[in-house]
>>> print(open('input23.txt').read())   # compact mmCIF, C-alpha atoms
# COMPACT_ATOMS: atom_id res chain seq x y z
CA MET Y 296 0.00 0.00 0.00
CA HIS Y 297 1.55 3.23 -1.12
CA PRO Y 298 0.68 6.43 0.63
CA SER Y 299 -0.76 8.99 -1.73
CA PRO Y 300 1.33 12.10 -2.34
CA PRO Y 301 0.07 15.13 -0.45
CA GLU Y 302 -2.55 17.08 -2.33
CA PRO Y 303 -1.57 20.63 -3.29
CA ARG Y 304 -2.85 23.22 -0.86
CA PHE Y 305 -5.98 25.08 -1.84
CA PRO Y 306 -6.60 27.15 -3.91
CA ALA Y 307 -4.89 25.48 -6.84
CA ALA Y 308 -7.44 24.04 -9.25
CA PRO Y 309 -9.78 26.41 -11.05
CA ASP Y 310 -12.77 24.06 -10.71
CA ALA Y 311 -13.37 23.85 -7.00
CA ALA Y 312 -16.36 21.51 -7.41
CA ALA Y 313 -14.21 18.98 -9.28
CA GLN Y 314 -11.51 19.27 -6.65
CA LEU Y 315 -14.07 18.78 -3.91
CA GLN Y 316 -15.25 15.63 -5.69
CA GLN Y 317 -11.70 14.28 -5.67
CA ARG Y 318 -11.22 15.15 -2.03
CA VAL Y 319 -14.48 13.54 -0.93
CA SER Y 320 -13.57 10.49 -3.01
CA ARG Y 321 -10.29 10.17 -1.15
CA LEU Y 322 -11.85 10.68 2.24
CA LEU Y 323 -14.64 8.18 1.61
CA GLY Y 324 -12.38 5.69 -0.15
CA ALA Y 325 -9.99 5.61 2.79
CA VAL Y 326 -12.69 4.35 5.13
CA PRO Y 327 -12.42 0.56 5.52
CA PRO Y 328 -15.46 -1.73 5.38
CA GLU Y 329 -17.39 -2.07 8.60
CA GLN Y 330 -17.64 -5.25 10.57
CA ALA Y 331 -20.97 -7.01 10.29
CA PRO Y 332 -22.64 -7.66 13.64
CA ALA Y 333 -21.78 -11.06 15.08
CA GLU Y 334 -25.44 -12.04 15.26
CA LEU Y 335 -26.03 -11.53 11.53
CA MET Y 336 -25.40 -15.08 10.34
CA PRO Y 337 -27.14 -16.72 13.32
CA ARG Y 338 -30.18 -14.60 12.41
CA VAL Y 339 -29.97 -15.81 8.81
CA TRP Y 340 -29.68 -19.47 9.89
CA ALA Y 341 -32.60 -19.06 12.29
CA GLN Y 342 -34.75 -17.52 9.56
CA LEU Y 343 -33.85 -20.33 7.18
CA ALA Y 344 -34.73 -22.90 9.84
CA ARG Y 345 -38.10 -21.19 10.38
CA ARG Y 346 -38.77 -21.31 6.65
CA ARG Y 347 -37.86 -24.98 6.45
CA ALA Y 348 -40.20 -25.74 9.33
CA LEU Y 349 -43.18 -24.30 7.44
CA PRO Y 350 -45.54 -26.76 5.70
CA TRP Y 351 -45.08 -26.74 1.92
CA TRP Y 352 -48.42 -25.04 1.23
CA ARG Y 353 -47.41 -22.03 3.32
CA ARG Y 354 -44.22 -21.45 1.38
CA SER Y 355 -43.81 -19.63 -1.92
CA VAL Y 356 -45.54 -21.37 -4.85
CA LEU Y 357 -42.13 -21.78 -6.46
CA ASP Y 358 -41.08 -23.94 -3.51
CA TRP Y 359 -44.11 -26.23 -3.74
CA PRO Y 360 -43.69 -29.83 -4.93
CA LEU Y 361 -43.95 -30.14 -8.71
CA PRO Y 362 -47.33 -31.97 -8.73
CA ALA Y 363 -48.78 -29.26 -6.48
CA GLN Y 364 -47.39 -26.54 -8.76
CA LEU Y 365 -48.92 -28.23 -11.80
CA ALA Y 366 -52.26 -28.64 -10.04
CA PHE Y 367 -52.19 -24.98 -9.01
CA LEU Y 368 -51.44 -23.95 -12.59
CA ALA Y 369 -54.25 -26.14 -13.94
CA ALA Y 370 -56.69 -24.73 -11.39
CA GLY Y 371 -55.70 -21.18 -12.33
CA LEU Y 372 -56.17 -21.87 -16.03
CA ALA Y 373 -59.55 -23.51 -15.41
CA LEU Y 374 -60.68 -20.52 -13.36
CA ALA Y 375 -59.58 -18.12 -16.10
CA ALA Y 376 -61.36 -20.19 -18.77
CA ALA Y 377 -64.53 -20.33 -16.68
CA THR Y 378 -64.43 -16.55 -16.22
CA VAL Y 379 -64.08 -15.94 -19.95
CA ASP Y 380 -66.88 -18.41 -20.63
CA LEU Y 381 -69.07 -16.62 -18.10
CA ARG Y 382 -68.48 -13.29 -19.84
CA MET Y 383 -69.24 -14.75 -23.29
CA ARG Y 384 -72.56 -16.31 -22.30
CA ALA Y 385 -74.57 -13.60 -20.59
CA PRO Y 386 -77.13 -13.88 -19.09
CA LEU Y 387 -76.11 -17.21 -17.70
CA PRO Y 388 -78.42 -18.91 -15.21
CA MET Y 389 -75.84 -21.34 -13.87
CA PRO Y 390 -73.42 -18.81 -12.36
CA THR Y 391 -76.25 -16.95 -10.66
CA GLN Y 392 -77.29 -20.22 -9.08
CA LEU Y 393 -73.76 -20.94 -8.08
CA LEU Y 394 -72.97 -17.37 -6.99
CA PRO Y 395 -76.14 -15.67 -5.75
CA GLY Y 396 -74.05 -13.09 -3.89
CA LEU Y 397 -72.39 -12.03 -7.12
CA HIS Y 398 -75.76 -11.67 -8.84
CA ALA Y 399 -77.02 -9.42 -6.03
CA LEU Y 400 -73.83 -7.38 -6.20
CA ILE Y 401 -74.22 -6.78 -9.94
CA GLY Y 402 -77.85 -5.75 -9.37
CA LEU Y 403 -76.85 -3.29 -6.67
CA TYR Y 404 -74.16 -1.83 -8.93
CA GLY Y 405 -76.76 -1.26 -11.65
CA VAL Y 406 -79.13 0.47 -9.24
CA LEU Y 407 -76.34 2.75 -7.99
CA LEU Y 408 -75.32 3.58 -11.54
CA ARG Y 409 -78.88 4.48 -12.55
CA SER Y 410 -79.35 6.60 -9.41
CA ALA Y 411 -76.14 8.51 -10.04
CA SER Y 412 -77.14 9.11 -13.65
CA ALA Y 413 -80.57 10.41 -12.63
CA LEU Y 414 -78.99 12.69 -10.03
CA LEU Y 415 -76.57 14.15 -12.58
CA HIS Y 416 -79.40 14.89 -15.00
CA ALA Y 417 -81.36 16.62 -12.24
CA ILE Y 418 -78.55 19.09 -11.50
CA PRO Y 419 -78.44 22.20 -13.73
CA GLY Y 420 -75.50 22.35 -16.16
CA ALA Y 421 -74.22 25.67 -14.80
CA TRP Y 422 -73.96 24.21 -11.34
CA LEU Y 423 -71.96 21.28 -12.63
CA GLN Y 424 -69.56 23.57 -14.49
CA GLY Y 425 -69.18 25.80 -11.45
CA GLY Y 426 -68.50 22.79 -9.25
CA LEU Y 427 -65.90 21.54 -11.69
CA VAL Y 428 -64.11 24.90 -11.73
CA LEU Y 429 -64.25 25.07 -7.94
CA GLY Y 430 -62.85 21.55 -7.66
CA VAL Y 431 -59.94 22.36 -9.95
CA ALA Y 432 -59.23 25.58 -8.04
CA VAL Y 433 -59.26 23.81 -4.67
CA TYR Y 434 -57.00 21.08 -6.04
CA ALA Y 435 -54.52 23.66 -7.38
CA ALA Y 436 -54.55 25.56 -4.08
CA LEU Y 437 -53.91 22.40 -2.07
CA PHE Y 438 -51.15 21.40 -4.46
CA ALA Y 439 -49.44 24.78 -4.06
CA LEU Y 440 -49.82 24.53 -0.29
CA LEU Y 441 -48.23 21.08 -0.26
CA VAL Y 442 -45.30 22.24 -2.39
CA LEU Y 443 -44.76 25.21 -0.10
CA GLY Y 444 -44.96 22.99 2.98
CA HIS Y 445 -42.56 20.49 1.50
CA ARG Y 446 -40.03 23.20 0.69
CA LEU Y 447 -40.24 24.64 4.17
CA LEU Y 448 -39.96 21.19 5.72
CA ALA Y 449 -37.03 20.21 3.52
CA ASP Y 450 -35.22 23.41 4.43
CA THR Y 451 -35.66 22.95 8.16
CA ARG Y 452 -34.54 19.30 7.93
CA THR Y 453 -31.32 20.15 6.10
CA PRO Y 454 -28.37 19.74 8.48
CA GLN Y 455 -26.31 22.70 9.61
CA GLY Y 456 -28.81 25.11 8.13
CA GLU Y 457 -27.52 24.30 4.68
CA ALA Y 458 -29.09 26.58 2.14
CA HIS Y 459 -31.13 24.93 -0.55
CA HIS Y 460 -31.47 27.99 -2.63
CA MET V 216 -17.78 -15.77 4.12
CA ARG V 217 -16.85 -13.26 6.79
CA ASP V 218 -15.58 -10.91 4.09
CA HIS V 219 -18.88 -11.15 2.23
CA GLN V 220 -20.78 -10.41 5.42
CA ASP V 221 -18.73 -7.33 6.10
CA ARG V 222 -19.03 -6.01 2.57
CA VAL V 223 -22.76 -6.61 2.34
CA TYR V 224 -23.31 -5.03 5.73
CA THR V 225 -21.08 -2.10 4.84
CA THR V 226 -22.96 -1.48 1.59
CA ALA V 227 -26.24 -1.54 3.48
CA VAL V 228 -25.15 0.64 6.37
CA ARG V 229 -23.69 3.28 4.08
CA LEU V 230 -26.96 3.51 2.18
CA MET V 231 -29.34 3.18 5.11
CA GLY V 232 -27.35 5.21 7.63
CA SER V 233 -28.66 2.94 10.39
CA PRO V 234 -26.95 -0.21 11.74
CA ALA V 235 -30.26 -1.88 12.66
CA GLN V 236 -31.80 -1.37 9.23
CA ALA V 237 -28.54 -2.40 7.60
CA ALA V 238 -28.57 -5.66 9.54
CA ASP V 239 -32.09 -6.36 8.25
CA ILE V 240 -31.00 -5.64 4.69
CA ALA V 241 -27.95 -7.87 5.08
CA GLN V 242 -30.12 -10.65 6.47
CA ASP V 243 -32.53 -10.43 3.52
CA THR V 244 -29.58 -10.41 1.14
CA PHE V 245 -28.17 -13.66 2.54
CA LEU V 246 -31.63 -15.23 2.51
CA ARG V 247 -31.83 -14.41 -1.21
CA ALA V 248 -28.33 -15.81 -1.62
CA TYR V 249 -29.42 -19.05 -0.02
CA GLU V 250 -32.14 -19.39 -2.66
CA HIS V 251 -29.39 -19.21 -5.32
CA PHE V 252 -26.88 -21.21 -3.35
CA ASP V 253 -26.05 -23.64 -6.17
CA THR V 254 -25.24 -20.82 -8.57
CA LEU V 255 -23.26 -18.75 -6.12
CA ARG V 256 -21.19 -21.49 -4.50
CA GLY V 257 -17.62 -21.08 -5.68
CA ASN V 258 -18.59 -18.32 -8.06
CA PRO V 259 -16.03 -15.50 -8.10
CA ALA V 260 -18.81 -13.01 -8.89
CA ALA V 261 -20.73 -13.93 -5.74
CA GLY V 262 -19.45 -10.90 -3.86
CA ALA V 263 -20.58 -8.49 -6.55
CA TRP V 264 -23.95 -10.25 -6.77
CA LEU V 265 -24.44 -9.93 -3.01
CA ARG V 266 -23.60 -6.23 -3.04
CA THR V 267 -25.94 -5.62 -5.95
CA VAL V 268 -28.77 -7.37 -4.14
CA ALA V 269 -28.02 -5.48 -0.93
CA THR V 270 -28.04 -2.19 -2.83
CA ARG V 271 -31.34 -3.02 -4.53
CA LEU V 272 -33.00 -4.09 -1.29
CA ALA V 273 -31.78 -0.97 0.49
CA LEU V 274 -32.99 1.31 -2.29
CA ASN V 275 -36.35 -0.45 -2.37
CA GLN V 276 -36.79 0.15 1.31
CA LEU V 277 -35.56 3.73 1.20
CA THR V 278 -37.68 4.79 -1.75
CA ARG V 279 -40.85 2.90 -0.80
CA HIS V 280 -42.31 5.72 1.21
CA GLN V 281 -40.76 8.55 -0.74
CA ARG V 282 -42.43 8.14 -4.12
CA ARG V 283 -45.25 10.48 -3.32
CA TRP V 284 -42.77 13.21 -2.41
CA ARG V 285 -40.67 12.81 -5.50
CA LEU V 286 -42.65 15.34 -7.49
CA PHE V 287 -42.29 17.96 -4.79
CA SER V 288 -38.58 17.38 -4.36
CA GLU V 289 -38.17 17.66 -8.12
CA LEU V 290 -39.77 21.08 -7.95
CA GLN V 291 -36.98 22.42 -5.75
CA PRO V 292 -34.74 24.87 -7.59
CA ALA V 293 -31.30 23.70 -8.57
CA GLY V 294 -29.50 26.60 -6.90
CA GLU V 295 -26.11 25.84 -8.38
CA GLU V 296 -25.11 29.39 -9.02
CA ASP V 297 -23.28 29.64 -5.71
CA SER V 298 -21.95 26.07 -5.69
CA GLN V 299 -18.49 27.04 -6.83
CA GLU V 300 -18.14 29.47 -3.97
CA GLN V 301 -19.44 26.93 -1.49
CA ALA V 302 -17.06 24.31 -2.88
CA ILE V 303 -14.18 26.72 -2.36
CA GLU V 304 -15.24 27.19 1.24
CA ALA V 305 -15.62 23.43 1.73
CA LEU V 306 -12.22 22.78 0.26
CA ALA V 307 -10.61 25.36 2.48
CA ALA V 308 -12.34 23.90 5.52
CA THR V 309 -11.15 20.37 4.78
CA ASP V 310 -7.69 21.29 3.64
CA ASP V 311 -5.97 19.72 6.64
CA LEU V 312 -8.05 16.55 6.78
CA LEU V 313 -6.11 14.68 4.13
CA ALA V 314 -3.05 14.61 6.32
CA GLY V 315 -4.93 12.28 8.66
CA VAL V 316 -6.74 10.29 6.00
CA GLU V 317 -5.31 7.03 7.35
CA SER V 318 -6.36 7.66 10.94
CA GLU V 319 -9.09 5.62 12.54
CA GLU V 320 -10.49 8.71 14.16
CA LEU V 321 -11.05 10.36 10.79
CA HIS V 322 -12.60 7.16 9.42
CA CYS V 323 -15.10 7.21 12.27
CA ARG V 324 -15.87 10.86 11.68
CA VAL V 325 -16.41 10.24 7.97
CA ARG V 326 -18.78 7.36 8.74
CA GLN V 327 -20.68 9.46 11.20
CA ALA V 328 -20.86 12.47 8.89
CA LEU V 329 -22.09 10.28 6.05
CA ALA V 330 -24.77 8.66 8.19
CA ALA V 331 -25.95 12.08 9.35
CA LEU V 332 -26.63 13.32 5.82
CA PRO V 333 -30.27 13.37 4.76
CA PRO V 334 -31.15 10.33 2.63
CA HIS V 335 -31.64 12.32 -0.57
CA GLN V 336 -27.99 13.40 -0.34
CA ARG V 337 -26.45 10.31 1.27
CA ILE V 338 -27.88 7.75 -1.14
CA PRO V 339 -26.65 9.26 -4.43
CA LEU V 340 -23.35 10.15 -2.77
CA VAL V 341 -22.81 6.54 -1.68
CA LEU V 342 -23.87 5.18 -5.05
CA PHE V 343 -21.47 7.54 -6.82
CA HIS V 344 -18.42 7.22 -4.60
CA TYR V 345 -18.72 3.66 -3.27
CA GLU V 346 -20.75 1.75 -5.84
CA GLU V 347 -19.10 3.57 -8.76
CA ALA V 348 -22.43 4.34 -10.39
CA SER V 349 -22.61 7.15 -12.93
CA TYR V 350 -24.96 10.10 -12.57
CA GLU V 351 -27.22 8.60 -15.23
CA GLN V 352 -27.33 5.20 -13.52
CA ILE V 353 -28.16 6.83 -10.19
CA ALA V 354 -30.94 8.84 -11.78
CA VAL V 355 -32.43 5.66 -13.22
CA GLN V 356 -32.03 3.72 -9.98
CA LEU V 357 -33.65 6.41 -7.89
CA GLY V 358 -36.21 7.42 -10.51
CA VAL V 359 -35.29 11.11 -10.36
CA SER V 360 -33.95 13.56 -12.90
CA LEU V 361 -30.29 13.81 -13.79
CA SER V 362 -30.11 17.42 -12.61
CA LYS V 363 -31.49 16.48 -9.21
CA VAL V 364 -28.90 13.72 -8.83
CA LYS V 365 -26.09 16.14 -9.65
CA THR V 366 -27.45 18.78 -7.30
CA ASP V 367 -27.97 16.32 -4.44
CA ILE V 368 -24.50 14.85 -4.82
CA LEU V 369 -22.90 18.27 -4.86
CA ARG V 370 -24.86 19.35 -1.81
CA GLY V 371 -24.01 16.08 -0.13
CA ARG V 372 -20.31 16.69 -0.68
CA LEU V 373 -20.62 20.22 0.66
CA ALA V 374 -22.53 19.09 3.74
CA LEU V 375 -20.07 16.25 4.33
CA ALA V 376 -17.12 18.62 4.08
CA ARG V 377 -18.76 21.07 6.47
CA ARG V 378 -19.41 18.35 9.00
CA LEU V 379 -15.88 17.04 8.77
CA ALA V 380 -14.52 20.52 9.20
CA GLU V 381 -16.26 20.83 12.55
CA PRO V 382 -14.15 20.22 15.67
CA ALA V 383 -13.82 16.51 16.41
CA ASP V 384 -15.40 16.73 19.87
CA ARG V 385 -18.68 17.87 18.30
CA THR V 386 -19.06 14.51 16.54
CA GLY V 387 -19.53 12.78 19.90
CA PRO V 388 -17.78 9.74 21.35
CA VAL V 389 -20.83 7.44 21.32
CA ALA V 390 -21.25 7.47 17.57
CA LEU V 391 -17.54 6.95 17.12
CA ALA V 392 -17.72 3.75 19.10
CA VAL V 393 -20.62 2.34 17.09
CA THR V 394 -18.66 1.41 14.00
CA ALA V 395 -15.44 -0.43 14.61
CA PRO V 396 -13.35 -0.82 11.48
CA THR V 397 -12.08 -4.19 10.37
CA PRO V 398 -8.35 -4.88 10.20
CA ALA V 399 -8.58 -5.48 6.48
CA VAL V 400 -8.52 -2.14 4.79
CA ALA V 401 -9.85 -2.00 1.27
CA ARG V 402 -9.15 1.10 -0.69
CA ARG V 403 -10.76 2.68 -3.68
CA THR V 404 -8.80 5.73 -4.52
>>> encode(input="input23.txt", output="structure tokens")
Amino acid sequence: MHPSPPEPRFPAAPDAAAQLQQRVSRLLGAVPPEQAPAELMPRVWAQLARRRALPWWRRSVLDWPLPAQLAFLAAGLALAAATVDLRMRAPLPMPTQLLPGLHALIGLYGVLLRSASALLHAIPGAWLQGGLVLGVAVYAALFALLVLGHRLLADTRTPQGEAHH
Amino acid sequence: MRDHQDRVYTTAVRLMGSPAQAADIAQDTFLRAYEHFDTLRGNPAAGAWLRTVATRLALNQLTRHQRRWRLFSELQPAGEEDSQEQAIEALAATDDLLAGVESEELHCRVRQALAALPPHQRIPLVLFHYEEASYEQIAVQLGVSLSKVKTDILRGRLALARRLAEPADRTGPVALAVTAPTPAVARRT
């Protein structure tokens, strides 16, 4: 290991930022690696042991036995095919028998949609336009407020009162 | 193995600035390594792979909760017009430090000063100086603009220099004792 020759005293280089980069590089590069805590590897082994103790179906799918992975894949494909089939054949009596909750949910969605549509038609157009303009204005004001707050917060959190601007 | 542990932990602690979080990152890194044990065993590139994974995990954790603020931080002005003057001041303040660049005390102060930087300055600074990433690579990794990376790195260097220029007793003995250096000294000058 050869000691580096002493750096010329400042000011020497015209580009102080480039010289600062070199100096910081030297200072940071001289710092040796840190020692990992002694309990790091025991923690890793313990975590691995915990994982191994889990039943296969609670691990990642990639760690499942091959037959289970294939069965899972087949089940997924069957579910996807059934969903596509359900969409193609509407109205379909069988799914509503199988999934009465889903049927009720779709009905409720339709009712809500119709109610919202009726409500919108009942409101005068000028009111809607005014509300839209107001919404945009409030959004812009809140956005500006957040930016201002963030700048103030960032400035106060900067160490040593370092100037951002 | 011990060398890998130290390097992975060091990568993580430099990025995270916290020994506890760094230990978690290092643990996750070795758990990932175990999943690729057959590939990594005896592989000379294992060390680089481990450091890359540690860096990625650390960045994931650091940026997870900061995405929503990215837009606002991007809106901050660059403010580089006075950087040359500030760099001159920082250089003058750290002019005598290089004489003691081999000293353990200075190493501890550098570690402490680095950890004390705000994440948006520390992370790009570490990626640039320790992981040898270019400005462009850092911008991609962090998902920010190139100009922000350059500004943050410059401000990070200035802040680091200012902290190092402070009297040693202001750094505090507790923090100095936290990070004991290993006997093996690896240099990147």
>>> closest_atom_pairs(input="input23.txt", of="chain Y", to="chain V", cutoff="6 Å", atoms="only C-alpha atoms", output="Markdown table")
| residue | atom | partner | partner_atom | distance |
| --- | --- | --- | --- | --- |
| Y:Ala311 | CA | V:Ile303 | CA | 5.5 |
| Y:Ala312 | CA | V:Ala302 | CA | 5.4 |
| Y:Arg321 | CA | V:Thr404 | CA | 5.8 |
| Y:Gly324 | CA | V:Arg403 | CA | 4.9 |
| Y:Ala325 | CA | V:Arg402 | CA | 5.8 |
| Y:Val326 | CA | V:His322 | CA | 5.1 |
| Y:Pro327 | CA | V:Val400 | CA | 4.8 |
| Y:Pro328 | CA | V:Thr225 | CA | 5.7 |
| Y:Glu329 | CA | V:Pro396 | CA | 5.1 |
| Y:Gln330 | CA | V:Asp221 | CA | 5.0 |
| Y:Ala331 | CA | V:Asp221 | CA | 4.8 |
| Y:Val339 | CA | V:Gln242 | CA | 5.7 |
| Y:Val442 | CA | V:Phe287 | CA | 5.8 |
| Y:His460 | CA | V:Gly294 | CA | 4.9 |
>>> atom_distance(input="input23.txt", atom1="CA of Leu368 (chain Y)", atom2="CA of Arg353 (chain Y)")
16.5 Å
>>> atom_distance(input="input23.txt", atom1="CA of Asp310 (chain Y)", atom2="CA of Gly358 (chain V)")
28.7 Å
>>> axis_aligned_box(input="input23.txt", around="region 345-360 of chain Y", padding_each_side="4 Å", output="JSON")
{"center_x": -43.1, "center_y": -24.7, "center_z": 2.0, "size_x": 18.6, "size_y": 18.2, "size_z": 24.8}
>>> build_atoms(input="input23.txt", residues="region 344-371 of chain Y", atoms="N, CA and C atoms", output="mmCIF file, in the coordinates of the input")
data_model
loop_
_atom_site.group_PDB
_atom_site.id
_atom_site.type_symbol
_atom_site.label_atom_id
_atom_site.label_comp_id
_atom_site.auth_asym_id
_atom_site.auth_seq_id
_atom_site.Cartn_x
_atom_site.Cartn_y
_atom_site.Cartn_z
ATOM 1 N N ALA Y 344 -34.146 -21.765 9.116
ATOM 2 C CA ALA Y 344 -34.730 -22.900 9.840
ATOM 3 C C ALA Y 344 -36.242 -22.712 9.995
ATOM 4 N N ARG Y 345 -36.652 -21.467 10.253
ATOM 5 C CA ARG Y 345 -38.100 -21.190 10.380
ATOM 6 C C ARG Y 345 -38.806 -21.464 9.047
ATOM 7 N N ARG Y 346 -38.162 -21.079 7.974
ATOM 8 C CA ARG Y 346 -38.770 -21.310 6.650
ATOM 9 C C ARG Y 346 -38.900 -22.798 6.360
ATOM 10 N N ARG Y 347 -37.834 -23.531 6.726
ATOM 11 C CA ARG Y 347 -37.860 -24.980 6.450
ATOM 12 C C ARG Y 347 -38.920 -25.676 7.273
ATOM 13 N N ALA Y 348 -39.212 -25.118 8.447
ATOM 14 C CA ALA Y 348 -40.200 -25.740 9.330
ATOM 15 C C ALA Y 348 -41.635 -25.516 8.848
ATOM 16 N N LEU Y 349 -41.827 -24.588 7.932
ATOM 17 C CA LEU Y 349 -43.180 -24.300 7.440
ATOM 18 C C LEU Y 349 -43.689 -25.462 6.581
ATOM 19 N N PRO Y 350 -44.999 -25.765 6.638
ATOM 20 C CA PRO Y 350 -45.540 -26.760 5.700
ATOM 21 C C PRO Y 350 -45.435 -26.245 4.266
ATOM 22 N N TRP Y 351 -45.369 -27.161 3.312
ATOM 23 C CA TRP Y 351 -45.080 -26.740 1.920
ATOM 24 C C TRP Y 351 -46.117 -25.759 1.394
ATOM 25 N N TRP Y 352 -47.368 -25.899 1.794
ATOM 26 C CA TRP Y 352 -48.420 -25.040 1.230
ATOM 27 C C TRP Y 352 -48.384 -23.635 1.791
ATOM 28 N N ARG Y 353 -47.546 -23.397 2.801
ATOM 29 C CA ARG Y 353 -47.410 -22.030 3.320
ATOM 30 C C ARG Y 353 -46.163 -21.343 2.779
ATOM 31 N N ARG Y 354 -45.400 -22.070 1.984
ATOM 32 C CA ARG Y 354 -44.220 -21.450 1.380
ATOM 33 C C ARG Y 354 -44.590 -20.808 0.048
ATOM 34 N N SER Y 355 -43.590 -20.217 -0.596
ATOM 35 C CA SER Y 355 -43.810 -19.630 -1.920
ATOM 36 C C SER Y 355 -44.231 -20.732 -2.900
ATOM 37 N N VAL Y 356 -45.066 -20.378 -3.875
ATOM 38 C CA VAL Y 356 -45.540 -21.370 -4.850
ATOM 39 C C VAL Y 356 -44.359 -22.023 -5.573
ATOM 40 N N LEU Y 357 -43.293 -21.250 -5.760
ATOM 41 C CA LEU Y 357 -42.130 -21.780 -6.460
ATOM 42 C C LEU Y 357 -41.444 -22.890 -5.652
ATOM 43 N N ASP Y 358 -41.682 -22.906 -4.343
ATOM 44 C CA ASP Y 358 -41.080 -23.940 -3.510
ATOM 45 C C ASP Y 358 -41.995 -25.142 -3.313
ATOM 46 N N TRP Y 359 -43.187 -25.103 -3.893
ATOM 47 C CA TRP Y 359 -44.110 -26.230 -3.740
ATOM 48 C C TRP Y 359 -43.571 -27.441 -4.509
ATOM 49 N N PRO Y 360 -44.042 -28.651 -4.134
ATOM 50 C CA PRO Y 360 -43.690 -29.830 -4.930
ATOM 51 C C PRO Y 360 -44.249 -29.694 -6.356
ATOM 52 N N LEU Y 361 -43.568 -30.314 -7.302
ATOM 53 C CA LEU Y 361 -43.950 -30.140 -8.710
ATOM 54 C C LEU Y 361 -45.411 -30.509 -8.987
ATOM 55 N N PRO Y 362 -45.912 -31.652 -8.467
ATOM 56 C CA PRO Y 362 -47.330 -31.970 -8.730
ATOM 57 C C PRO Y 362 -48.269 -30.870 -8.199
ATOM 58 N N ALA Y 363 -47.931 -30.317 -7.039
ATOM 59 C CA ALA Y 363 -48.780 -29.260 -6.480
ATOM 60 C C ALA Y 363 -48.717 -28.004 -7.352
ATOM 61 N N GLN Y 364 -47.518 -27.701 -7.865
ATOM 62 C CA GLN Y 364 -47.390 -26.540 -8.760
ATOM 63 C C GLN Y 364 -48.226 -26.728 -10.025
ATOM 64 N N LEU Y 365 -48.164 -27.953 -10.580
ATOM 65 C CA LEU Y 365 -48.920 -28.230 -11.800
ATOM 66 C C LEU Y 365 -50.426 -28.151 -11.534
ATOM 67 N N ALA Y 366 -50.835 -28.678 -10.390
ATOM 68 C CA ALA Y 366 -52.260 -28.640 -10.040
ATOM 69 C C ALA Y 366 -52.721 -27.202 -9.859
ATOM 70 N N PHE Y 367 -51.851 -26.397 -9.227
ATOM 71 C CA PHE Y 367 -52.190 -24.980 -9.010
ATOM 72 C C PHE Y 367 -52.322 -24.258 -10.353
ATOM 73 N N LEU Y 368 -51.402 -24.568 -11.266
ATOM 74 C CA LEU Y 368 -51.440 -23.950 -12.590
ATOM 75 C C LEU Y 368 -52.718 -24.356 -13.328
ATOM 76 N N ALA Y 369 -53.043 -25.647 -13.254
ATOM 77 C CA ALA Y 369 -54.250 -26.140 -13.940
ATOM 78 C C ALA Y 369 -55.501 -25.475 -13.361
ATOM 79 N N ALA Y 370 -55.529 -25.352 -12.034
ATOM 80 C CA ALA Y 370 -56.690 -24.730 -11.390
ATOM 81 C C ALA Y 370 -56.817 -23.265 -11.819
ATOM 82 N N GLY Y 371 -55.688 -22.586 -11.911
ATOM 83 C CA GLY Y 371 -55.700 -21.180 -12.330
ATOM 84 C C GLY Y 371 -56.217 -21.037 -13.756
#
